[in-house]
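Participant: Okay, handing you the structure first.
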Amino acid sequence: ACGGLREGYEGAQDFDLVLRASEVIARERIHHIPRVLYHWRAAEGSTADDVSSKPYAADAGVRALADHVARCNIPAEALHSEIPTAYRLRYRQPDPAPSVSIIIPTRNNLRVLRNCVDKLLERTDYPSFEVVVVDNRSDDPATLAYMRDLPSPQCRVLPYDAEFNFSALNNYAVQQCESEVIVLLNNDTEVCNADWLQEMVSHAVRPGIGAVGAKLFYAEDRIQHAGVLLGMGHDRVAAHAFKGCHKDEVGMLARTRLIQEYHAVTGACLAVSRDKYLEVGGLDEAHLSIAFNDVDFCLKLLDEGYRNVWTPYAQLYHFESFSRGYDVTEEKRERFRQERDYMHARWGQQLSLDGYYNPNLTRDFDNFSLAWPPETA
């Protein structure tokens, strides 16, 4: 029905076939079998042994992807990526560019806030955005003075006079914005590449896409976030993929370098259309004031039929928990336990069924190492 293998796509003929097959069957009919069913021989001169041995294979792959884009009328350009025989779709921005509100919650901590806002304004080349600094009861004179005289007319301050509740704070801010796209951004972040916002918005405005996440780094150039994996760690709720790997590490199957779907992405830097944010009720301020509200939000989007995407082409540093600190008091630990228990009660079995993480890999660590004994043996 698909026409079989096509001449002219040698080296990527299977990729071309799979793309064409995916166009004529429902998404729900595509499945992954987590077993080792086939071993690929690595003959001398084959791409299994050395991908550079057949450079034409990568070119054929780009042509196959470009054909797929044209057949499906996808507003994107097929490109080579940094990884041989792996590719990138660069989505075109609507014209005019959608308006964006970047929401940055803060309380005092002038040095962190100023670095975030200044670098954001200095390095972002997106044509239509505002910065909404949500002031949660700052009382430091220097911080207040800075917010009275923010460095650009694109910036405004939105007072939020209530106890700190990350979910409620962001929900309130979204209600006060009218932009087409919302970006939730922690104040302890620093923009790296000028086109980060264009990249995130180009995905957020796609009809079937919910939340969009970025690639975040620690100050020491190690990965802080490359997507969220469900059912991981000691709490079995969620953990960040490839956390702690060097920023240049490729990762299993080049996953740190490729645009891909995840069940969830972090709210430290998250883009979503405002309509979709409101459609699912925003962040859960009643049950998840601090932890896991971003994971819960992403799962609600999935329930409504949207897909969540992570892109390595939007990069920021994230100086994690710089402002709020870590959960070291007994009160904070108890709040965390309650939020963890709520996630298990709300989402249950879904937390152990991450479709983007092979069940043969460990859930105790986020380094993509093998589980032992194998869980699916």
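Here's how to read the names in the structure tokens: chain A, B, ... by the order shown, residue numbers from 1 in each chain, ligand numbers from 1 in the order shown.
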Write out as JSON lines the residues of segment 302-354 of chain A that have any atom within 7 Å of an atom of segment 210-234 of chain A, one row each with the nearest atom pair and its distance in Å to one decimal, counting only C-alpha atoms, sorted by chain and then rising number.
Facilitator:
```
{"residue": "A:Tyr306", "atom": "CA", "partner": "A:Gly210", "partner_atom": "CA", "distance": 5.1}
{"residue": "A:Arg307", "atom": "CA", "partner": "A:Gly210", "partner_atom": "CA", "distance": 5.4}
{"residue": "A:Asn308", "atom": "CA", "partner": "A:Ala211", "partner_atom": "CA", "distance": 4.8}
{"residue": "A:Val309", "atom": "CA", "partner": "A:Val212", "partner_atom": "CA", "distance": 4.9}
{"residue": "A:Trp310", "atom": "CA", "partner": "A:Gly213", "partner_atom": "CA", "distance": 4.6}
{"residue": "A:Thr311", "atom": "CA", "partner": "A:Ala214", "partner_atom": "CA", "distance": 5.5}
{"residue": "A:Pro312", "atom": "CA", "partner": "A:Lys215", "partner_atom": "CA", "distance": 5.1}
{"residue": "A:Ala314", "atom": "CA", "partner": "A:Ala214", "partner_atom": "CA", "distance": 5.1}
{"residue": "A:Gln315", "atom": "CA", "partner": "A:Lys215", "partner_atom": "CA", "distance": 4.9}
{"residue": "A:Leu316", "atom": "CA", "partner": "A:Leu216", "partner_atom": "CA", "distance": 5.0}
{"residue": "A:Tyr317", "atom": "CA", "partner": "A:Phe217", "partner_atom": "CA", "distance": 4.6}
{"residue": "A:His318", "atom": "CA", "partner": "A:Tyr218", "partner_atom": "CA", "distance": 5.6}
{"residue": "A:Phe319", "atom": "CA", "partner": "A:Tyr218", "partner_atom": "CA", "distance": 5.9}
{"residue": "A:Leu351", "atom": "CA", "partner": "A:Gly231", "partner_atom": "CA", "distance": 4.8}
{"residue": "A:Ser352", "atom": "CA", "partner": "A:Gly231", "partner_atom": "CA", "distance": 4.8}
{"residue": "A:Asp354", "atom": "CA", "partner": "A:Leu230", "partner_atom": "CA", "distance": 5.6}
```
Participant: Would you please extract all strand (DSSP E) residues from segment 242-275 of chain A, as assigned by DSSP on the backbone, and give them as a CSV table (one decimal) with N, CA and C atoms, in the first residue's frame?
Facilitator:
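Dumped everything to out.csv:
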```
chain,number,residue,atom,x,y,z
A,260,GLN,N,12.3,15.8,20.5
A,260,GLN,CA,11.5,14.5,20.7
A,260,GLN,C,10.4,14.8,21.7
A,261,GLU,N,9.5,13.8,21.7
A,261,GLU,CA,8.4,13.9,22.7
A,261,GLU,C,8.8,13.3,24.0
A,262,TYR,N,8.2,13.9,25.1
A,262,TYR,CA,8.3,13.3,26.4
A,262,TYR,C,6.9,13.4,27.0
A,269,CYS,N,11.5,26.2,32.5
A,269,CYS,CA,11.4,27.0,31.3
A,269,CYS,C,10.5,26.2,30.4
A,270,LEU,N,9.2,26.6,30.3
A,270,LEU,CA,8.2,25.9,29.6
A,270,LEU,C,7.3,26.8,28.8
A,271,ALA,N,7.1,26.5,27.5
A,271,ALA,CA,6.3,27.3,26.6
A,271,ALA,C,5.0,26.6,26.3
A,272,VAL,N,3.9,27.3,26.3
A,272,VAL,CA,2.6,26.7,25.9
A,272,VAL,C,1.7,27.8,25.5
A,273,SER,N,0.8,27.4,24.5
A,273,SER,CA,-0.2,28.5,24.1
A,273,SER,C,-1.1,28.8,25.3
```
Participant: Per residue of segment 158-234 of chain A within 9 Å of segment 107-125 of chain A, which atom pair is closest and at what distance in Å (one decimal), using only C-alpha atoms, listed by chain and increasing number, as JSON lines?
Facilitator:
```
{"residue": "A:Asn186", "atom": "CA", "partner": "A:Cys116", "partner_atom": "CA", "distance": 8.5}
{"residue": "A:Asn187", "atom": "CA", "partner": "A:Leu113", "partner_atom": "CA", "distance": 5.4}
{"residue": "A:Asp188", "atom": "CA", "partner": "A:Val112", "partner_atom": "CA", "distance": 5.7}
{"residue": "A:Thr189", "atom": "CA", "partner": "A:Cys116", "partner_atom": "CA", "distance": 5.7}
{"residue": "A:Glu190", "atom": "CA", "partner": "A:Cys116", "partner_atom": "CA", "distance": 5.2}
{"residue": "A:Val191", "atom": "CA", "partner": "A:Leu120", "partner_atom": "CA", "distance": 5.7}
{"residue": "A:Cys192", "atom": "CA", "partner": "A:Arg123", "partner_atom": "CA", "distance": 7.3}
{"residue": "A:Asn193", "atom": "CA", "partner": "A:Arg123", "partner_atom": "CA", "distance": 6.8}
{"residue": "A:Ala194", "atom": "CA", "partner": "A:Thr124", "partner_atom": "CA", "distance": 4.6}
{"residue": "A:Asp195", "atom": "CA", "partner": "A:Asp125", "partner_atom": "CA", "distance": 6.1}
{"residue": "A:Trp196", "atom": "CA", "partner": "A:Thr124", "partner_atom": "CA", "distance": 7.2}
{"residue": "A:Leu197", "atom": "CA", "partner": "A:Thr124", "partner_atom": "CA", "distance": 7.0}
{"residue": "A:Gln198", "atom": "CA", "partner": "A:Asp125", "partner_atom": "CA", "distance": 8.0}
```
Participant: Kindly export the residues of the current selection with C-alpha atoms, as a short mmCIF file (atom, residue, chain, number, x, y, z; two decimals), in the first residue's frame.
Facilitator:
```cif
data_model
loop_
_atom_site.label_atom_id
_atom_site.label_comp_id
_atom_site.auth_asym_id
_atom_site.auth_seq_id
_atom_site.Cartn_x
_atom_site.Cartn_y
_atom_site.Cartn_z
CA ASN A 186 12.45 30.63 36.72
CA ASN A 187 14.35 33.71 37.82
CA ASP A 188 17.52 31.63 38.31
CA THR A 189 17.95 31.01 34.59
CA GLU A 190 20.20 32.57 31.96
CA VAL A 191 19.54 32.51 28.21
CA CYS A 192 22.31 31.01 26.05
CA ASN A 193 21.24 31.22 22.40
CA ALA A 194 19.48 34.12 20.68
CA ASP A 195 16.87 32.00 18.90
CA TRP A 196 15.78 30.04 22.00
CA LEU A 197 12.36 31.69 22.15
CA GLN A 198 11.72 31.40 18.43
#
```
Participant: Please list as a list of chain:residue names every residue within 8 Å of Met343 of chain A, counting only C-alpha atoms and excluding residues in the same chain fewer than 4 positions away.
Facilitator: A:Val237, A:Phe292, A:Asp296, A:Glu339, A:Trp347, A:Gly348
Participant: Set the distance at 9 Å and use only C-alpha atoms: which residues neighbour Leu169 of chain A once local chain neighbours fewer than 4 positions away are removed? I'd like the list as a list of chain:residue names.
Facilitator: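 Returned residues: A:Pro105, A:Val134, A:Asn136, A:Tyr160, A:Ala162, A:Phe164, A:Asn165, A:Ala173, A:Val174, A:Glu285.
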Participant: To one decimal in Å, tell me the separation between atom CA of Leu299 of chain A and atom CA of Glu77 of chain A.
Facilitator: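 It comes out at 29.1 Å.
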